[in-house]
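Trainee: Below you'll find protein.tsv; it's TSV, C-alpha atoms and all ligand atoms.
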chain	number	residue	atom	x	y	z
A	1	MET	CA	197.39	27.34	10.47
A	2	ARG	CA	194.79	29.90	9.46
A	3	VAL	CA	196.39	33.22	10.34
A	4	GLY	CA	194.46	36.48	10.63
A	5	ILE	CA	196.28	39.78	10.22
A	6	LEU	CA	194.86	43.11	11.41
A	7	GLY	CA	195.87	45.60	8.73
A	8	GLY	CA	196.14	44.92	5.02
A	9	GLY	CA	199.08	47.08	3.96
A	10	GLN	CA	202.47	46.09	2.62
A	11	LEU	CA	203.59	44.63	5.94
A	12	GLY	CA	200.63	42.24	5.96
A	13	ARG	CA	201.34	41.36	2.37
A	14	MET	CA	204.98	40.53	3.05
A	15	LEU	CA	204.00	38.52	6.15
A	16	ALA	CA	201.69	36.36	4.03
A	17	LEU	CA	204.25	35.99	1.25
A	18	ALA	CA	206.70	34.67	3.86
A	19	GLY	CA	204.11	32.46	5.54
A	20	TYR	CA	202.57	30.51	2.66
A	21	PRO	CA	205.68	28.34	2.14
A	22	LEU	CA	205.39	27.32	5.81
A	23	GLY	CA	201.94	25.92	5.15
A	24	HIS	CA	199.77	28.72	6.52
A	25	THR	CA	196.85	30.59	4.97
A	26	PHE	CA	196.02	34.26	5.49
A	27	ARG	CA	193.03	36.53	6.02
A	28	PHE	CA	193.29	40.30	6.50
A	29	PHE	CA	191.14	42.89	8.24
A	30	ASP	CA	191.29	46.44	6.93
A	31	PRO	CA	188.86	49.36	6.66
A	32	SER	CA	189.85	49.89	3.01
A	33	PRO	CA	188.62	47.67	0.13
A	34	GLU	CA	191.78	48.79	-1.73
A	35	ALA	CA	194.15	47.30	0.89
A	36	GLY	CA	197.09	45.83	-1.04
A	37	ALA	CA	197.22	42.61	1.00
A	38	GLY	CA	193.85	41.70	-0.55
A	39	GLU	CA	195.87	40.51	-3.58
A	40	VAL	CA	197.48	37.73	-1.53
A	41	GLY	CA	194.69	36.61	0.81
A	42	GLU	CA	191.07	36.99	1.81
A	43	LEU	CA	190.23	40.58	2.82
A	44	VAL	CA	187.50	41.39	5.34
A	45	ASN	CA	186.51	45.06	5.35
A	46	GLY	CA	185.15	46.85	8.38
A	47	SER	CA	186.04	49.40	10.96
A	48	TYR	CA	187.84	48.45	14.14
A	49	ASP	CA	184.83	49.34	16.28
A	50	GLU	CA	182.45	47.10	14.31
A	51	GLU	CA	182.08	43.98	16.41
A	52	GLU	CA	180.20	42.07	13.70
A	53	ALA	CA	182.94	42.65	11.14
A	54	LEU	CA	185.65	41.63	13.62
A	55	LYS	CA	183.71	38.44	14.39
A	56	ARG	CA	183.42	37.65	10.67
A	57	PHE	CA	187.16	38.15	10.37
A	58	ALA	CA	187.92	35.91	13.36
A	59	ASP	CA	185.66	33.06	12.26
A	60	GLY	CA	187.77	29.90	11.87
A	61	LEU	CA	191.15	31.54	12.51
A	62	ASP	CA	193.79	29.73	14.59
A	63	VAL	CA	195.82	32.79	15.49
A	64	ILE	CA	195.56	36.56	15.02
A	65	THR	CA	198.38	39.05	14.64
A	66	TYR	CA	198.72	42.65	13.50
A	67	GLU	CA	200.83	44.68	11.11
A	68	PHE	CA	199.61	48.07	12.27
A	69	GLU	CA	200.30	49.51	15.72
A	70	ASN	CA	197.27	51.76	15.85
A	71	VAL	CA	194.84	48.84	16.01
A	72	PRO	CA	192.50	49.89	18.86
A	73	VAL	CA	193.41	47.87	21.95
A	74	GLU	CA	189.69	47.09	22.52
A	75	ALA	CA	189.49	45.40	19.09
A	76	ALA	CA	192.55	43.25	19.83
A	77	ARG	CA	191.15	42.32	23.26
A	78	LEU	CA	187.76	41.44	21.80
A	79	LEU	CA	189.43	39.15	19.27
A	80	GLU	CA	191.20	37.27	22.06
A	81	GLN	CA	187.83	35.60	22.74
A	82	TYR	CA	188.08	33.86	19.37
A	83	ALA	CA	191.76	33.05	18.89
A	84	PRO	CA	195.11	33.85	20.53
A	85	VAL	CA	196.32	37.34	19.60
A	86	HIS	CA	200.11	37.78	19.23
A	87	PRO	CA	201.93	39.96	20.09
A	88	ASN	CA	200.15	40.52	23.39
A	89	PRO	CA	197.69	43.47	22.95
A	90	ALA	CA	199.46	45.08	25.95
A	91	ALA	CA	202.24	45.88	23.44
A	92	LEU	CA	199.77	48.04	21.50
A	93	GLU	CA	198.94	49.95	24.65
A	94	ALA	CA	202.62	50.56	25.36
A	95	ALA	CA	203.46	51.66	21.80
A	96	GLN	CA	200.45	53.79	20.84
A	97	ASP	CA	201.15	56.68	23.17
A	98	ARG	CA	204.62	58.27	23.08
A	99	LEU	CA	204.38	59.33	26.72
A	100	VAL	CA	203.39	55.86	27.97
A	101	GLU	CA	206.07	54.36	25.72
A	102	LYS	CA	208.88	56.60	27.00
A	103	ARG	CA	207.82	56.00	30.62
A	104	TYR	CA	207.80	52.29	29.87
A	105	PHE	CA	211.34	52.45	28.49
A	106	ARG	CA	212.44	54.24	31.64
A	107	THR	CA	210.89	51.60	33.91
A	108	LEU	CA	212.88	48.98	31.97
A	109	ASN	CA	216.09	50.98	32.39
A	110	ILE	CA	216.27	51.83	28.71
A	111	PRO	CA	217.73	55.32	28.14
A	112	THR	CA	215.62	57.91	26.30
A	113	ALA	CA	215.76	61.65	25.65
A	114	GLN	CA	214.42	63.79	28.51
A	115	PHE	CA	210.70	64.41	28.07
A	116	ARG	CA	207.72	66.20	29.61
A	117	ASP	CA	203.98	65.69	29.40
A	118	VAL	CA	202.26	68.74	27.80
A	119	ASP	CA	198.53	69.26	28.29
A	120	SER	CA	198.30	73.05	28.23
A	121	ARG	CA	200.15	76.09	27.00
A	122	ALA	CA	201.41	76.63	30.56
A	123	ASP	CA	202.77	73.06	30.55
A	124	LEU	CA	204.58	73.80	27.29
A	125	ASP	CA	206.25	76.89	28.75
A	126	ALA	CA	207.25	74.92	31.86
A	127	ALA	CA	208.56	72.03	29.75
A	128	VAL	CA	210.65	74.38	27.59
A	129	GLU	CA	212.00	75.95	30.77
A	130	ALA	CA	213.02	72.51	32.05
A	131	LEU	CA	214.40	70.98	28.86
A	132	TRP	CA	215.64	74.10	27.04
A	133	LEU	CA	215.63	74.58	23.30
A	134	PRO	CA	215.93	73.07	20.80
A	135	ALA	CA	213.23	70.54	21.60
A	136	VAL	CA	210.69	68.48	19.67
A	137	LEU	CA	206.96	68.83	20.33
A	138	LYS	CA	205.05	65.69	19.31
A	139	THR	CA	201.48	64.46	19.49
A	140	ARG	CA	201.30	61.57	21.94
A	141	ARG	CA	199.17	59.46	19.62
A	142	GLU	CA	198.97	58.65	15.91
A	143	GLY	CA	202.13	60.39	14.77
A	144	TYR	CA	204.14	58.45	12.22
A	145	ASP	CA	206.68	59.22	9.49
A	146	GLY	CA	207.41	62.57	11.17
A	147	LYS	CA	203.73	63.67	11.14
A	148	GLY	CA	202.39	65.52	14.19
A	149	GLN	CA	205.73	66.95	15.28
A	150	ARG	CA	207.47	70.33	15.31
A	151	VAL	CA	211.04	71.19	16.16
A	152	LEU	CA	211.19	74.21	18.46
A	153	ARG	CA	214.41	76.14	17.96
A	154	GLU	CA	213.57	79.64	19.22
A	155	PRO	CA	211.10	80.84	21.85
A	156	SER	CA	209.23	82.49	18.96
A	157	ASP	CA	208.49	78.99	17.49
A	158	LEU	CA	206.22	78.10	20.41
A	159	ASP	CA	203.10	80.02	19.33
A	160	ALA	CA	202.93	78.50	15.84
A	161	ALA	CA	203.64	74.97	17.12
A	162	TRP	CA	201.00	75.37	19.83
A	163	SER	CA	198.38	76.59	17.38
A	164	ASP	CA	199.12	73.59	15.07
A	165	LEU	CA	199.23	70.86	17.71
A	166	GLY	CA	197.75	72.37	20.90
A	167	ASP	CA	194.35	70.69	20.53
A	168	LYS	CA	195.96	67.26	21.10
A	169	ALA	CA	197.71	65.59	24.03
A	170	LEU	CA	201.43	66.29	23.56
A	171	ILE	CA	204.91	65.38	24.72
A	172	LEU	CA	207.94	67.65	24.59
A	173	GLU	CA	211.25	65.88	24.02
A	174	GLN	CA	214.74	67.20	24.30
A	175	PHE	CA	216.26	67.55	20.82
A	176	VAL	CA	218.82	64.77	20.51
A	177	ARG	CA	221.99	65.69	18.60
A	178	PHE	CA	222.48	62.12	17.48
A	179	ASP	CA	225.48	60.87	15.52
A	180	ARG	CA	223.24	58.49	13.60
A	181	GLU	CA	219.98	56.53	13.79
A	182	LEU	CA	220.04	52.78	14.28
A	183	SER	CA	217.39	50.16	14.93
A	184	ILE	CA	217.21	46.64	16.25
A	185	VAL	CA	214.70	44.06	15.11
A	186	ALA	CA	214.13	41.04	17.34
A	187	THR	CA	211.76	38.08	17.35
A	188	ARG	CA	210.59	36.18	20.43
A	189	SER	CA	208.73	32.88	20.23
A	190	THR	CA	205.75	31.92	22.37
A	191	GLY	CA	208.15	29.68	24.31
A	192	GLY	CA	210.53	32.57	25.12
A	193	ASP	CA	213.21	31.85	22.52
A	194	PHE	CA	214.92	34.98	21.08
A	195	ARG	CA	216.53	35.90	17.77
A	196	TYR	CA	218.15	39.26	17.11
A	197	TYR	CA	219.04	40.86	13.82
A	198	PRO	CA	222.19	42.97	13.67
A	199	LEU	CA	221.84	46.69	14.32
A	200	VAL	CA	221.10	48.55	11.10
A	201	GLU	CA	221.70	52.20	10.18
A	202	ASN	CA	218.71	54.26	9.05
A	203	THR	CA	218.55	57.54	7.15
A	204	HIS	CA	215.34	59.57	7.29
A	205	VAL	CA	214.31	62.30	4.87
A	206	ASP	CA	211.51	64.61	6.06
A	207	GLY	CA	210.85	62.18	8.93
A	208	ILE	CA	210.34	59.21	6.57
A	209	LEU	CA	212.75	56.27	6.41
A	210	SER	CA	214.68	56.53	3.18
A	211	ARG	CA	217.55	54.03	3.48
A	212	THR	CA	218.63	51.15	5.71
A	213	VAL	CA	222.15	49.72	5.69
A	214	ALA	CA	222.53	46.21	7.11
A	215	PRO	CA	224.58	45.58	9.09
A	216	ALA	CA	225.26	49.12	10.36
A	217	PRO	CA	228.96	49.88	9.88
A	218	ASP	CA	231.25	50.25	12.90
A	219	VAL	CA	228.98	48.79	15.54
A	220	SER	CA	230.77	47.52	18.62
A	221	GLU	CA	229.93	44.23	20.27
A	222	ARG	CA	228.89	46.25	23.33
A	223	GLN	CA	226.38	48.30	21.30
A	224	GLN	CA	224.87	45.19	19.71
A	225	ARG	CA	224.52	43.58	23.16
A	226	ALA	CA	222.99	46.77	24.61
A	227	ALA	CA	220.38	46.93	21.83
A	228	GLU	CA	219.60	43.23	22.23
A	229	GLY	CA	219.20	43.85	25.96
A	230	TYR	CA	216.60	46.58	25.31
A	231	ALA	CA	214.59	44.33	23.00
A	232	HIS	CA	214.92	41.43	25.44
A	233	ARG	CA	213.61	43.50	28.34
A	234	ILE	CA	210.64	44.84	26.36
A	235	GLN	CA	209.65	41.47	24.92
A	236	THR	CA	210.05	39.68	28.24
A	237	ALA	CA	208.08	42.31	30.18
A	238	LEU	CA	205.24	42.14	27.66
A	239	ASP	CA	205.32	38.32	27.30
A	240	TYR	CA	205.63	39.12	23.63
A	241	ALA	CA	205.50	36.66	20.75
A	242	GLY	CA	206.51	38.00	17.34
A	243	THR	CA	208.83	40.54	15.80
A	244	LEU	CA	209.53	43.91	17.46
A	245	ALA	CA	211.59	46.89	16.32
A	246	VAL	CA	213.23	49.50	18.54
A	247	GLU	CA	214.41	52.74	16.91
A	248	LEU	CA	217.53	54.18	18.49
A	249	PHE	CA	219.67	57.31	18.47
A	250	GLU	CA	223.41	56.84	18.79
A	251	VAL	CA	224.97	59.64	20.86
A	252	ASP	CA	228.67	59.41	21.73
A	253	GLY	CA	228.51	55.65	21.35
A	254	LEU	CA	225.47	55.28	23.63
A	255	LEU	CA	222.09	54.07	22.40
A	256	MET	CA	218.90	55.91	23.39
A	257	ALA	CA	215.49	54.50	22.48
A	258	ASN	CA	213.26	56.79	20.41
A	259	GLU	CA	210.30	54.50	19.83
A	260	MET	CA	209.27	50.90	19.34
A	261	ALA	CA	207.03	49.20	16.81
A	262	PRO	CA	205.23	46.06	18.02
A	263	ARG	CA	205.36	44.57	14.54
A	264	VAL	CA	207.60	43.90	11.58
A	265	HIS	CA	209.34	47.13	10.61
A	266	ASN	CA	210.49	48.98	7.51
A	267	SER	CA	214.08	48.91	8.79
A	268	GLY	CA	213.90	45.08	8.66
A	269	HIS	CA	212.83	44.72	5.02
A	270	TRP	CA	216.43	44.08	3.95
A	271	SER	CA	216.22	40.74	5.81
A	272	ILE	CA	214.09	39.21	3.02
A	273	GLU	CA	217.25	38.85	0.94
A	274	GLY	CA	219.95	39.74	3.46
A	275	ALA	CA	219.28	37.32	6.33
A	276	GLU	CA	218.93	33.56	6.53
A	277	THR	CA	215.38	34.02	7.87
A	278	SER	CA	213.52	37.27	7.24
A	279	GLN	CA	211.78	39.31	9.94
A	280	PHE	CA	208.48	38.36	8.26
A	281	GLU	CA	209.12	34.63	8.32
A	282	ASN	CA	210.33	34.76	11.92
A	283	HIS	CA	207.22	36.71	12.93
A	284	ILE	CA	204.97	34.08	11.34
A	285	ARG	CA	207.02	31.27	12.89
A	286	ALA	CA	206.70	32.97	16.30
A	287	VAL	CA	202.96	33.61	16.26
A	288	THR	CA	202.16	30.14	14.93
A	289	GLY	CA	204.35	28.43	17.55
A	290	GLN	CA	206.97	27.20	15.07
A	291	PRO	CA	210.73	27.19	15.86
A	292	LEU	CA	212.50	30.44	14.99
A	293	GLY	CA	215.04	30.61	12.17
A	294	SER	CA	218.61	31.90	12.06
A	295	THR	CA	219.06	35.65	11.70
A	296	GLY	CA	222.55	35.15	10.26
A	297	LEU	CA	223.57	37.57	7.51
A	298	ARG	CA	223.80	36.70	3.84
A	299	GLY	CA	226.41	39.23	2.81
A	300	GLN	CA	225.53	42.91	3.15
A	301	ALA	CA	222.36	44.67	2.15
A	302	THR	CA	221.06	48.18	1.57
A	303	MET	CA	217.34	48.89	1.32
A	304	LEU	CA	215.99	52.00	-0.38
A	305	ASN	CA	212.37	53.06	0.03
A	306	LEU	CA	210.37	54.17	-3.00
A	307	ILE	CA	208.40	57.13	-1.70
A	308	GLY	CA	205.75	59.11	-3.58
A	309	THR	CA	206.80	57.97	-7.05
A	310	THR	CA	208.72	54.99	-8.42
A	311	PRO	CA	211.24	54.81	-11.25
A	312	ASP	CA	210.42	52.44	-14.12
A	313	PRO	CA	210.63	48.90	-12.65
A	314	ALA	CA	212.60	47.69	-15.67
A	315	ASP	CA	215.26	50.35	-15.06
A	316	MET	CA	215.56	49.31	-11.42
A	317	LEU	CA	215.74	45.61	-12.28
A	318	LYS	CA	218.58	46.26	-14.70
A	319	VAL	CA	220.70	47.22	-11.71
A	320	ASP	CA	222.89	44.34	-10.61
A	321	ALA	CA	221.91	42.45	-7.40
A	322	SER	CA	218.69	44.42	-6.91
A	323	HIS	CA	215.44	42.97	-5.56
A	324	LEU	CA	212.30	44.98	-6.16
A	325	HIS	CA	209.19	44.95	-3.95
A	326	LEU	CA	206.21	47.02	-5.13
A	327	TYR	CA	203.20	47.30	-2.83
A	328	SER	CA	200.36	47.89	-5.34
A	329	LYS	CA	199.59	51.33	-3.92
A	330	ALA	CA	198.48	54.42	-5.83
A	331	PRO	CA	201.21	57.10	-5.97
A	332	ARG	CA	200.79	59.97	-3.52
A	333	PRO	CA	203.42	62.35	-2.08
A	334	GLY	CA	205.09	60.91	0.99
A	335	ARG	CA	203.52	57.46	0.51
A	336	LYS	CA	205.67	54.33	0.68
A	337	LEU	CA	205.01	52.60	-2.67
A	338	GLY	CA	207.71	49.95	-2.50
A	339	HIS	CA	211.31	49.28	-1.67
A	340	ILE	CA	214.34	47.88	-3.38
A	341	THR	CA	217.12	45.93	-1.70
A	342	VAL	CA	220.62	45.36	-3.00
A	343	ARG	CA	222.35	42.35	-1.47
A	344	SER	CA	225.89	41.28	-2.15
A	345	ASP	CA	228.90	39.54	-0.70
A	346	HIS	CA	231.09	42.30	-2.11
A	347	LEU	CA	230.92	45.84	-0.77
A	348	GLU	CA	232.10	47.42	-4.02
A	349	ARG	CA	229.41	45.69	-6.06
A	350	LEU	CA	226.80	46.73	-3.50
A	351	GLU	CA	227.91	50.37	-3.50
A	352	THR	CA	227.89	50.59	-7.30
A	353	SER	CA	224.33	49.27	-7.45
A	354	VAL	CA	223.09	51.47	-4.61
A	355	ALA	CA	224.53	54.58	-6.32
A	356	ALA	CA	222.79	53.60	-9.59
A	357	LEU	CA	219.47	53.11	-7.81
A	358	GLU	CA	219.76	56.34	-5.85
A	359	ALA	CA	220.34	58.20	-9.12
A	360	LEU	CA	217.19	56.58	-10.61
A	361	ILE	CA	215.14	57.39	-7.52
A	362	SER	CA	216.28	61.03	-7.29
A	363	GLY	CA	215.56	61.39	-11.03
A	364	THR	CA	211.86	60.70	-10.39
A	365	GLU	CA	211.53	63.24	-7.57
A	366	GLU	CA	210.38	66.78	-8.20
B	1	LIG	P1	209.56	59.61	15.22
B	1	LIG	O1	208.21	59.80	14.63
B	1	LIG	O2	209.61	59.81	16.70
B	1	LIG	O3	210.21	58.32	14.79
B	1	LIG	O4	210.49	60.76	14.59
B	1	LIG	C1	210.82	60.80	13.22
B	1	LIG	C2	212.25	61.29	13.06
B	1	LIG	O5	212.39	62.61	13.62
B	1	LIG	C3	213.28	60.46	13.80
B	1	LIG	O6	213.66	59.33	13.05
B	1	LIG	C4	214.41	61.46	13.97
B	1	LIG	O7	215.13	61.61	12.76
B	1	LIG	C5	213.66	62.75	14.26
B	1	LIG	N1	213.47	62.92	15.72
B	1	LIG	C6	212.43	62.43	16.45
B	1	LIG	N2	212.56	62.74	17.76
B	1	LIG	C7	213.70	63.45	17.87
B	1	LIG	C8	214.38	64.05	18.98
B	1	LIG	N3	213.89	64.01	20.23
B	1	LIG	N4	215.55	64.69	18.71
B	1	LIG	C9	216.05	64.76	17.45
B	1	LIG	N5	215.44	64.23	16.37
B	1	LIG	C10	214.29	63.57	16.57
Could I get this file's structure written as structure tokens?
Mentor:
Amino acid sequence: MRVGILGGGQLGRMLALAGYPLGHTFRFFDPSPEAGAGEVGELVNGSYDEEEALKRFADGLDVITYEFENVPVEAARLLEQYAPVHPNPAALEAAQDRLVEKRYFRTLNIPTAQFRDVDSRADLDAAVEALWLPAVLKTRREGYDGKGQRVLREPSDLDAAWSDLGDKALILEQFVRFDRELSIVATRSTGGDFRYYPLVENTHVDGILSRTVAPAPDVSERQQRAAEGYAHRIQTALDYAGTLAVELFEVDGLLMANEMAPRVHNSGHWSIEGAETSQFENHIRAVTGQPLGSTGLRGQATMLNLIGTTPDPADMLKVDASHLHLYSKAPRPGRKLGHITVRSDHLERLETSVAALEALISGTEE
């Protein structure tokens, strides 16, 4: 099939790399002529409100998907006139606004932190009164990798946070004292078939994902089933085809949803080497109507993100059992430039390699 992908970043690139062996071809839409996916497929440049450019992109495509959750819903809906768009653009609507998203989780009986809508300084004071401190003030839209959020610890933090964020629509969330962060990645086919990856454990540094361990250690059967249930409810309610990620906080053994991504996710990159079918391949299989593949594990895997700078590739490749993925992006602080996965059947071998890579990565940081 001719597959169109909205967004031409590393996720689009890895989707295409997984999809070519299945017989598909790829075209990307991205505002930037530098978009890295342009190296592995045709790239159409334009802005998401340019109908002509979107039409040029859609011309001759069999199916359209996205790798970026801030695709304007109107653009996705317009494209539905030309080819099926998967996942359902309703998923974009649910995921783009943290308030809508948290309310959505609640309607599906998925636990979340307590939250309040904040539209004015008076709302903020009332929300702090209701939820107490510490709390996290976040912009409802366009926050990612920890951007657009402030932790409020003392009443005296409110003024500064309000002057930074107060011009935007906000949500105040209770500060969750989580034991750890986990995520579940799941794929649903157009026919309603499901595949779940095992829960993975994520470590964030400055709000950016730094490391994913797959599978997460010490996960009970009950926790895995609970997380699968959350993904199942979301994907069923949205009549969703494709891969979805749900980020979770573990608190006293219980799983609370923080946010969802209606796309392949950074915490699923390990699956390229660590699962029988990667999240990327399963997403392409789902949106093109092909049968889904097994999500069974191939040993254990740890993925490390390369953020801001990258060590010398040759040094990283010298490390046993490592698999390097560079995204062809110019270095910039806080930017995800690539990732490296270690996969092994032996925990000791895996840990030795991960320690060697972490030393290389920390050696390149200021
Ligand atoms: P987010 O952009 O919502 O994924 O937040 C980025 C990171 O900030 C999360 O992965 C957590 O480490 C932290 N965080 C976000 N919301 C909360 C919260 N309500 N309580 C505690 N930590 C949070």
Trainee: 8 Å from ligand LIG 1 (chain B) is the threshold here; counting all atoms listed in the file, which polymer residues fall inside it? Answer as a list in words.
Mentor: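 Counting only what the definition allows, namely all atoms listed in the file, the set is Ala113, Ala135, Val136, Lys138, Gly143, Tyr144, Asp145, Gly146, Lys147, Gln149, Glu173, Gln174, Phe175, Val176, Arg177, Phe178, Glu181, Thr203, His204, Val205, Asp206, Gly207, Ile208, Leu209, Glu247, Asn258 and Glu259 of chain A.
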Trainee: What separation in Å, quoted to one decimal, exists between atom CA of Ser278 of chain A and atom CA of Asp179 of chain A?
Mentor: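 Answer for the atom CA of Ser278 of chain A to atom CA of Asp179 of chain A separation: 27.7 Å.
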Trainee: In file coordinates, which residues lie within 7 Å of (190.7, 47.0, 7.8) using only C-alpha atoms, given as a list in words?
Mentor: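 Output: Leu6, Gly7, Gly8, Phe29, Asp30, Pro31, Ser32, Val44, Asn45, Gly46 and Ser47 of chain A.
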Trainee: At a cut-off of 12 Å, using only C-alpha atoms, what residues contact Glu93 of chain A? Leave out same-chain residues fewer than 2 positions from it and give the result as a list of chain:residue names.
Mentor: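 In the requested form, the answer reads A:Glu69, A:Asn70, A:Val71, A:Pro72, A:Val73, A:Glu74, A:Ala75, A:Ala76, A:Arg77, A:Pro87, A:Asn88, A:Pro89, A:Ala90, A:Ala91, A:Ala95, A:Gln96, A:Asp97, A:Arg98, A:Leu99, A:Val100, A:Glu101, A:Tyr104, A:Arg141, A:Leu238, A:Met260, A:Ala261, A:Pro262.
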Trainee: Looking at all atoms listed in the file, which of A:Leu43, A:Arg106, A:Val354, A:His283 is the one that sits closest to Arg263 of chain A?
Mentor: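 Ranked by minimum distance to Arg263 of chain A, first place goes to A:His283.
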Trainee: What does the distance from atom CA of His265 of chain A to atom CA of Ala245 of chain A come to in Å, to one decimal?
Mentor: 6.1 Å
Trainee: Pick from A:Ala237, A:Ala35, A:Leu61, A:Val40: nearest to Ala16 of chain A, with all atoms listed in the file counted?
Mentor: A:Val40
Trainee: Let me make sure I understand: among A:Leu11, A:Ile171, A:Leu347, A:Val213, which one has the smallest atom-to-atom distance to Leu326 of chain A if we use only C-alpha atoms?
Mentor: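 Of the candidates, the smallest distance to Leu326 of chain A is held by A:Leu11.
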Trainee: Under the rule that only C-alpha atoms are counted, which of A:Leu255, A:Leu199, A:Leu124, A:Leu108 is the nearest residue to Thr236 of chain A?
Mentor: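 The shortest atom-to-atom distance to Thr236 of chain A comes from A:Leu108.
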Trainee: State, in Å with one decimal place, the distance from atom CA of Tyr48 of chain A to atom CA of Ile234 of chain A.
Mentor: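 Rounded to one decimal, the two atoms are 26.1 Å apart.
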Trainee: Counting only C-alpha atoms, which of A:Glu154, A:Asp252, A:Glu281, A:Asp164 gets nearest to Val264 of chain A?
Mentor: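 Nearest to Val264 of chain A: A:Glu281.
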Trainee: Show me a table, sorted first by chain and then by increasing residue number, of the residues of segment 123-198 of chain A having an atom at most 12 Å from segment 268-274 of chain A, each with its shortest atom pair and the distance in Å to one decimal, counting only C-alpha atoms and written as CSV.
Mentor:
residue,atom,partner,partner_atom,distance
A:Leu182,CA,A:Gly268,CA,11.3
A:Ser183,CA,A:Gly268,CA,8.8
A:Ile184,CA,A:Gly268,CA,8.4
A:Val185,CA,A:Gly268,CA,6.6
A:Ala186,CA,A:Gly268,CA,9.6
A:Thr187,CA,A:Gly268,CA,11.4
A:Tyr196,CA,A:Gly268,CA,11.1
A:Tyr197,CA,A:Gly268,CA,8.4
A:Pro198,CA,A:Gly268,CA,9.9
Trainee: Once 3 Å is added on each side, what are the centre and the three edge lengths, in Å to one decimal, of the axis-aligned box enclosing the listed atoms of segment 184-194 of chain A? Present them as AutoDock Vina command-line options.
Mentor:
--center_x 211.5 --center_y 38.2 --center_z 20.1 --size_x 17.5 --size_y 23.0 --size_z 16.0
Trainee: Please identify all polymer residues within 7 Å of Thr112 of chain A, counting all atoms listed in the file, omitting same-chain residues fewer than 4 positions from it, and present them as a list of chain:residue names.
Mentor: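 The neighbour list is A:Lys102, A:Met256, A:Ala257, A:Asn258.
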